[in-house]
$ cat work-v5.cif   # mmCIF, C-alpha atoms and all ligand atoms
data_model
#
loop_
_atom_site.group_PDB
_atom_site.id
_atom_site.type_symbol
_atom_site.label_atom_id
_atom_site.label_comp_id
_atom_site.auth_asym_id
_atom_site.auth_seq_id
_atom_site.Cartn_x
_atom_site.Cartn_y
_atom_site.Cartn_z
ATOM 1 C CA MET A 7 160.608 -32.413 80.488
ATOM 2 C CA THR A 8 158.403 -34.445 78.138
ATOM 3 C CA LEU A 9 155.290 -33.124 79.857
ATOM 4 C CA ARG A 10 156.572 -29.546 79.666
ATOM 5 C CA LEU A 11 157.099 -29.947 75.925
ATOM 6 C CA GLU A 12 153.519 -31.158 75.613
ATOM 7 C CA LEU A 13 152.331 -28.059 77.437
ATOM 8 C CA VAL A 14 154.470 -25.812 75.215
ATOM 9 C CA ASP A 15 152.944 -27.552 72.214
ATOM 10 C CA ALA A 16 149.398 -27.028 73.563
ATOM 11 C CA LEU A 17 150.019 -23.344 74.274
ATOM 12 C CA ARG A 18 152.024 -22.435 71.182
ATOM 13 C CA GLU A 19 150.996 -25.053 68.671
ATOM 14 C CA GLU A 20 154.650 -25.679 68.027
ATOM 15 C CA ARG A 21 156.025 -29.115 68.454
ATOM 16 C CA TYR A 22 159.462 -29.627 69.960
ATOM 17 C CA GLU A 23 161.232 -32.904 69.877
ATOM 18 C CA PRO A 24 164.748 -33.413 71.158
ATOM 19 C CA ASP A 25 166.569 -35.758 68.790
ATOM 20 C CA GLY A 26 169.156 -37.718 70.716
ATOM 21 C CA LYS A 27 170.038 -40.679 68.570
ATOM 22 C CA CYS A 28 173.596 -41.700 69.388
ATOM 23 C CA PRO A 29 175.651 -41.702 66.150
ATOM 24 C CA PHE A 30 178.011 -44.351 67.570
ATOM 25 C CA CYS A 31 175.713 -47.089 68.867
ATOM 26 C CA GLU A 32 172.341 -45.820 67.560
ATOM 27 C CA HIS A 33 170.783 -45.825 71.024
ATOM 28 C CA ARG A 34 167.903 -43.365 71.163
ATOM 29 C CA LEU A 35 168.331 -41.252 74.273
ATOM 30 C CA THR A 36 165.187 -40.295 76.168
ATOM 31 C CA ASN A 37 164.753 -36.592 76.940
ATOM 32 C CA GLY A 38 165.833 -37.306 80.501
ATOM 33 C CA GLU A 39 168.993 -39.071 79.296
ATOM 34 C CA ILE A 40 169.892 -36.140 77.040
ATOM 35 C CA ILE A 41 169.516 -33.714 79.938
ATOM 36 C CA THR A 42 171.442 -35.951 82.341
ATOM 37 C CA GLY A 43 174.271 -36.344 79.827
ATOM 38 C CA PHE A 44 174.916 -32.618 79.446
ATOM 39 C CA ASN A 45 178.055 -31.303 81.131
ATOM 40 C CA ARG A 46 176.578 -28.014 82.383
ATOM 41 C CA ASP A 47 179.494 -26.375 80.599
ATOM 42 C CA PRO A 48 178.425 -23.350 78.515
ATOM 43 C CA ASN A 49 180.915 -24.243 75.777
ATOM 44 C CA ASP A 50 180.307 -27.953 75.522
ATOM 45 C CA TYR A 51 177.187 -28.788 73.548
ATOM 46 C CA THR A 52 177.553 -32.526 73.799
ATOM 47 C CA THR A 53 175.600 -35.032 75.815
ATOM 48 C CA LYS A 54 176.739 -38.474 76.876
ATOM 49 C CA CYS A 55 175.245 -41.685 75.574
ATOM 50 C CA PRO A 56 174.399 -43.891 78.585
ATOM 51 C CA MET A 57 174.980 -47.052 76.529
ATOM 52 C CA CYS A 58 178.373 -46.545 74.849
ATOM 53 C CA LYS A 59 179.465 -43.557 77.006
ATOM 54 C CA LYS A 60 180.527 -41.526 73.962
ATOM 55 C CA ARG A 61 179.638 -37.855 73.585
ATOM 56 C CA PHE A 62 177.751 -36.249 70.704
ATOM 57 C CA GLU A 63 175.686 -33.129 69.999
ATOM 58 C CA PRO A 64 171.939 -33.717 70.311
ATOM 59 C CA LYS A 65 169.546 -31.771 68.098
ATOM 60 C CA LEU A 66 166.272 -30.077 68.763
ATOM 61 C CA VAL A 67 163.702 -30.677 66.067
ATOM 62 C CA TYR A 68 161.239 -27.877 65.875
ATOM 63 C CA ALA A 69 158.040 -28.428 63.910
ATOM 64 C CA PRO A 70 155.655 -25.477 63.739
ATOM 65 C CA MET A 71 152.191 -25.873 62.227
ATOM 66 C CA GLY A 72 152.223 -26.512 58.505
ATOM 67 C CA GLY A 73 154.433 -29.559 58.346
ATOM 68 C CA LEU A 74 157.807 -27.817 58.302
ATOM 69 C CA ARG A 75 160.685 -29.258 60.321
ATOM 70 C CA PHE A 76 163.806 -27.455 61.480
ATOM 71 C CA GLU A 77 166.798 -29.060 63.083
ATOM 72 C CA LEU A 78 168.661 -26.853 65.547
ATOM 73 C CA ALA A 79 171.465 -27.167 68.037
ATOM 74 C CA PHE A 80 169.999 -28.205 71.376
ATOM 75 C CA TYR A 81 171.553 -26.276 74.230
ATOM 76 C CA CYS A 82 171.293 -27.518 77.771
ATOM 77 C CA PRO A 83 169.410 -25.358 80.317
ATOM 78 C CA THR A 84 172.669 -23.796 81.550
ATOM 79 C CA GLN A 85 174.102 -23.153 78.090
ATOM 80 C CA VAL A 86 171.067 -21.317 76.864
ATOM 81 C CA LEU A 87 171.042 -19.060 79.935
ATOM 82 C CA ALA A 88 174.780 -18.377 79.466
ATOM 83 C CA ARG A 89 174.132 -17.369 75.860
ATOM 84 C CA MET A 90 171.324 -15.063 76.906
ATOM 85 C CA GLU A 91 173.588 -13.484 79.479
ATOM 86 C CA ASN A 92 176.460 -12.978 77.049
ATOM 87 C CA GLU A 93 174.416 -11.551 74.195
ATOM 88 C CA ALA A 94 173.367 -8.357 75.900
ATOM 89 C CA GLY A 95 171.264 -7.216 72.946
ATOM 90 C CA LEU A 96 168.794 -10.068 73.313
ATOM 91 C CA LEU A 97 167.016 -8.463 76.249
ATOM 92 C CA VAL A 98 165.680 -5.593 74.142
ATOM 93 C CA MET A 99 164.859 -7.681 71.090
ATOM 94 C CA HIS A 100 161.288 -8.638 70.250
ATOM 95 C CA PRO A 101 160.587 -12.402 70.535
ATOM 96 C CA ALA A 102 159.997 -12.669 66.775
ATOM 97 C CA GLU A 103 163.416 -11.118 66.176
ATOM 98 C CA ILE A 104 165.180 -13.498 68.566
ATOM 99 C CA LYS A 105 163.356 -16.389 66.932
ATOM 100 C CA ARG A 106 164.596 -15.272 63.511
ATOM 101 C CA GLU A 107 168.134 -14.157 64.392
ATOM 102 C CA HIS A 108 168.970 -16.663 67.145
ATOM 103 C CA PRO A 109 166.691 -19.661 66.554
ATOM 104 C CA ALA A 110 168.707 -22.139 68.619
ATOM 105 C CA VAL A 111 168.718 -19.805 71.643
ATOM 106 C CA TYR A 112 165.026 -19.053 71.261
ATOM 107 C CA HIS A 113 163.880 -22.645 70.933
ATOM 108 C CA SER A 114 166.164 -24.074 73.610
ATOM 109 C CA ALA A 115 165.000 -21.323 75.989
ATOM 110 C CA VAL A 116 161.361 -22.215 75.355
ATOM 111 C CA ALA A 117 161.982 -25.973 75.549
ATOM 112 C CA HIS A 118 163.836 -25.805 78.891
ATOM 113 C CA HIS A 119 162.414 -22.754 80.586
ATOM 114 C CA GLY A 120 158.915 -22.445 79.102
ATOM 115 C CA SER A 121 159.271 -18.948 77.664
ATOM 116 C CA LEU A 122 161.829 -16.218 77.022
ATOM 117 C CA LYS A 123 160.382 -14.267 79.916
ATOM 118 C CA ALA A 124 160.926 -17.156 82.346
ATOM 119 C CA ALA A 125 164.458 -17.769 81.033
ATOM 120 C CA PHE A 126 165.448 -14.107 81.441
ATOM 121 C CA LYS A 127 164.021 -14.146 84.945
ATOM 122 C CA LYS A 128 166.411 -16.958 85.866
ATOM 123 C CA ILE A 129 169.379 -14.736 85.012
ATOM 124 C CA GLY A 130 167.852 -11.892 86.990
ATOM 125 C CA ARG A 131 166.578 -9.869 84.053
ATOM 126 C CA GLU A 132 163.153 -8.596 83.324
ATOM 127 C CA TYR A 133 162.016 -9.198 79.756
ATOM 128 C CA ARG A 134 159.204 -6.850 78.862
ATOM 129 C CA PHE A 135 157.751 -8.794 75.946
ATOM 130 C CA VAL A 136 155.029 -11.372 76.427
ATOM 131 C CA GLU A 137 154.425 -13.766 73.587
ATOM 132 C CA ARG A 138 151.100 -15.042 74.759
ATOM 133 C CA ASP A 139 148.227 -13.657 72.749
ATOM 134 C CA GLN A 140 145.966 -11.702 75.126
ATOM 135 C CA LYS A 141 142.876 -13.272 73.567
ATOM 136 C CA ASP A 142 144.274 -16.740 73.870
ATOM 137 C CA ASP A 143 142.414 -19.255 75.997
ATOM 138 C CA TRP A 144 145.365 -20.200 78.202
ATOM 139 C CA ARG A 145 143.039 -21.516 80.919
ATOM 140 C CA GLY A 146 141.566 -24.199 78.706
ATOM 141 C CA LYS A 147 145.007 -25.163 77.494
ATOM 142 C CA VAL A 148 146.649 -25.484 80.907
ATOM 143 C CA VAL A 149 143.792 -27.318 82.666
ATOM 144 C CA PRO A 150 144.890 -30.802 81.490
ATOM 145 C CA PHE A 151 148.335 -30.130 83.011
ATOM 146 C CA LEU A 152 147.247 -28.860 86.430
ATOM 147 C CA GLY A 153 148.585 -30.959 89.269
ATOM 148 C CA ARG A 154 150.761 -33.007 86.917
ATOM 149 C CA MET A 155 153.664 -30.552 87.132
ATOM 150 C CA PRO A 156 154.578 -27.714 89.506
ATOM 151 C CA ASP A 157 152.415 -24.581 89.283
ATOM 152 C CA THR A 158 155.594 -22.567 88.722
ATOM 153 C CA VAL A 159 156.472 -24.510 85.571
ATOM 154 C CA ILE A 160 152.966 -24.015 84.177
ATOM 155 C CA ALA A 161 153.172 -20.292 84.991
ATOM 156 C CA ASP A 162 156.528 -20.024 83.178
ATOM 157 C CA CYS A 163 155.225 -21.763 80.062
ATOM 158 C CA ALA A 164 151.988 -19.778 79.920
ATOM 159 C CA GLU A 165 153.654 -16.466 80.887
ATOM 160 C CA ILE A 166 151.197 -15.862 83.694
ATOM 161 C CA SER A 167 151.691 -15.421 87.425
ATOM 162 C CA VAL A 168 151.902 -18.486 89.611
ATOM 163 C CA GLY A 169 149.015 -17.061 91.659
ATOM 164 C CA PHE A 170 146.678 -17.421 88.653
ATOM 165 C CA VAL A 171 147.704 -21.032 88.163
ATOM 166 C CA ARG A 172 147.189 -21.835 91.839
ATOM 167 C CA GLN A 173 143.786 -20.166 91.846
ATOM 168 C CA LEU A 174 142.663 -22.039 88.738
ATOM 169 C CA ARG A 175 143.918 -25.347 90.145
ATOM 170 C CA ARG A 176 142.021 -24.807 93.398
ATOM 171 C CA GLN A 177 138.845 -23.890 91.505
ATOM 172 C CA MET A 178 139.129 -27.187 89.658
ATOM 173 C CA LYS A 179 139.786 -28.991 92.967
ATOM 174 C CA ILE A 180 143.025 -30.495 91.703
ATOM 175 C CA ALA A 181 145.715 -31.334 94.261
ATOM 176 C CA ARG A 182 149.059 -29.654 93.837
ATOM 177 C CA TYR A 183 151.887 -31.509 92.185
ATOM 178 C CA ARG A 184 154.187 -33.393 94.505
ATOM 179 C CA ALA A 185 157.430 -34.665 93.024
ATOM 180 C CA ARG A 186 157.356 -37.898 94.985
ATOM 181 C CA ASP A 187 154.073 -38.937 93.346
ATOM 182 C CA HIS A 188 155.569 -38.762 89.888
ATOM 183 C CA VAL A 189 158.450 -40.339 88.088
ATOM 184 C CA ASP A 190 159.380 -37.942 85.340
ATOM 185 C CA ASN A 191 161.308 -39.152 82.330
HETATM 186 ZN ZN ZN B 201 175.943 -44.647 72.114
#
$ encode --input "work-v5.cif" --output "structure tokens" --more "lines below"
Ligand SMILES: [Zn+2]
Amino acid sequence: MTLRLELVDALREERYEPDGKCPFCEHRLTNGEIITGFNRDPNDYTTKCPMCKKRFEPKLVYAPMGGLRFELAFYCPTQVLARMENEAGLLVMHPAEIKREHPAVYHSAVAHHGSLKAAFKKIGREYRFVERDQKDDWRGKVVPFLGRMPDTVIADCAEISVGFVRQLRRQMKIARYRARDHVDN
């Protein structure tokens, strides 16, 4: 997850930082611990502290360019998809509108699934908006991440087809990502 957030930051110039400091024992949860502690229950926004075993609601700190910081509810991957499924109107809304009207949904979707398009795809819906700027140099931005995470994850974050990612990776002679070679936090 940490690496995916770095890629999102590189592509969007928006920094995401899950804030999982336990209010009971002050343990700072890693991103992996926050994700592991979620219940996968669409109505329970808490995660579990691995040290004191108590539950609390983690936050997602979102820092776009310009030094601003916003603190939002941090939904787990399942919760954000459930929200997108339940709010039928989201599918026809422009990304900028979702970002403004439903910031926690928008930012949790991007943080966990790479993009709105990729998140909608996981609930079987086709989202027709692409946020990526057509003139944007996505190739240059994704190169440092090739082979360090699955091609599919890179494709989701960059809103491009997995075939493009594979082709680029092969051109650069970078071996494909294999989970057993990496220990993700
Ligand atoms: Zn704790």
$ residues_near_ligand --input "work-v5.cif" --ligand "ligand ZN 201 (chain B)" --cutoff "12 Å" --atoms "all atoms listed in the file" --output "ChimeraX atom specification"
/A:26-35,39-40,43,53-64
$ resolve_selection --input "work-v5.cif" --expression "the PyMOL selection byres (((chain A and resi 92-108) around 10) and not hetatm)" --output "list in words"
Val86, Leu87, Ala88, Arg89, Met90, Glu91, Pro109, Ala110, Val111, Tyr112, His113, Ser121, Leu122, Lys123, Phe126, Arg131, Glu132, Tyr133, Arg134, Phe135, Val136 and Glu137 of chain A
$ residues_around --input "work-v5.cif" --residues "Ala181 (chain A)" --least-positions-apart "2" --cutoff "7 Å" --atoms "all atoms listed in the file" --output "compact mmCIF listing (two decimals) with C-alpha atoms, keeping the file's coordinate frame"
# COMPACT_ATOMS: atom_id res chain seq x y z
CA GLY A 153 148.58 -30.96 89.27
CA LYS A 179 139.79 -28.99 92.97
CA TYR A 183 151.89 -31.51 92.18
$ closest_residue --input "work-v5.cif" --among "A:Glu19, A:Val14, A:Asp157, A:Phe76" --to "Gly169 (chain A)" --atoms "all atoms listed in the file"
A:Asp157
$ resolve_selection --input "work-v5.cif" --expression "the PyMOL selection byres (((chain A and resi 13) around 12) and not hetatm)" --output "ChimeraX atom specification"
/A:7-12,14-22,116-121,144-152,154-155,159-164
$ atom_distance --input "work-v5.cif" --atom1 "CA of Pro24 (chain A)" --atom2 "CA of Gly38 (chain A)"
10.2 Å
$ atom_distance --input "work-v5.cif" --atom1 "CA of Leu66 (chain A)" --atom2 "CA of Val168 (chain A)"
27.8 Å
$ closest_residue --input "work-v5.cif" --among "A:Ile180, A:Cys82, A:Leu74, A:Ala115" --to "Lys128 (chain A)" --atoms "only C-alpha atoms"
A:Ala115
$ closest_residue --input "work-v5.cif" --among "A:Glu23, A:Pro83, A:Gly130, A:Met71" --to "Tyr51 (chain A)" --atoms "all atoms listed in the file"
A:Pro83
$ atom_distance --input "work-v5.cif" --atom1 "CA of Ala124 (chain A)" --atom2 "CA of Thr84 (chain A)"
13.5 Å
$ closest_residue --input "work-v5.cif" --among "A:Pro48, A:Asp25, A:Gln177, A:Ile41" --to "Glu77 (chain A)" --atoms "only C-alpha atoms"
A:Asp25
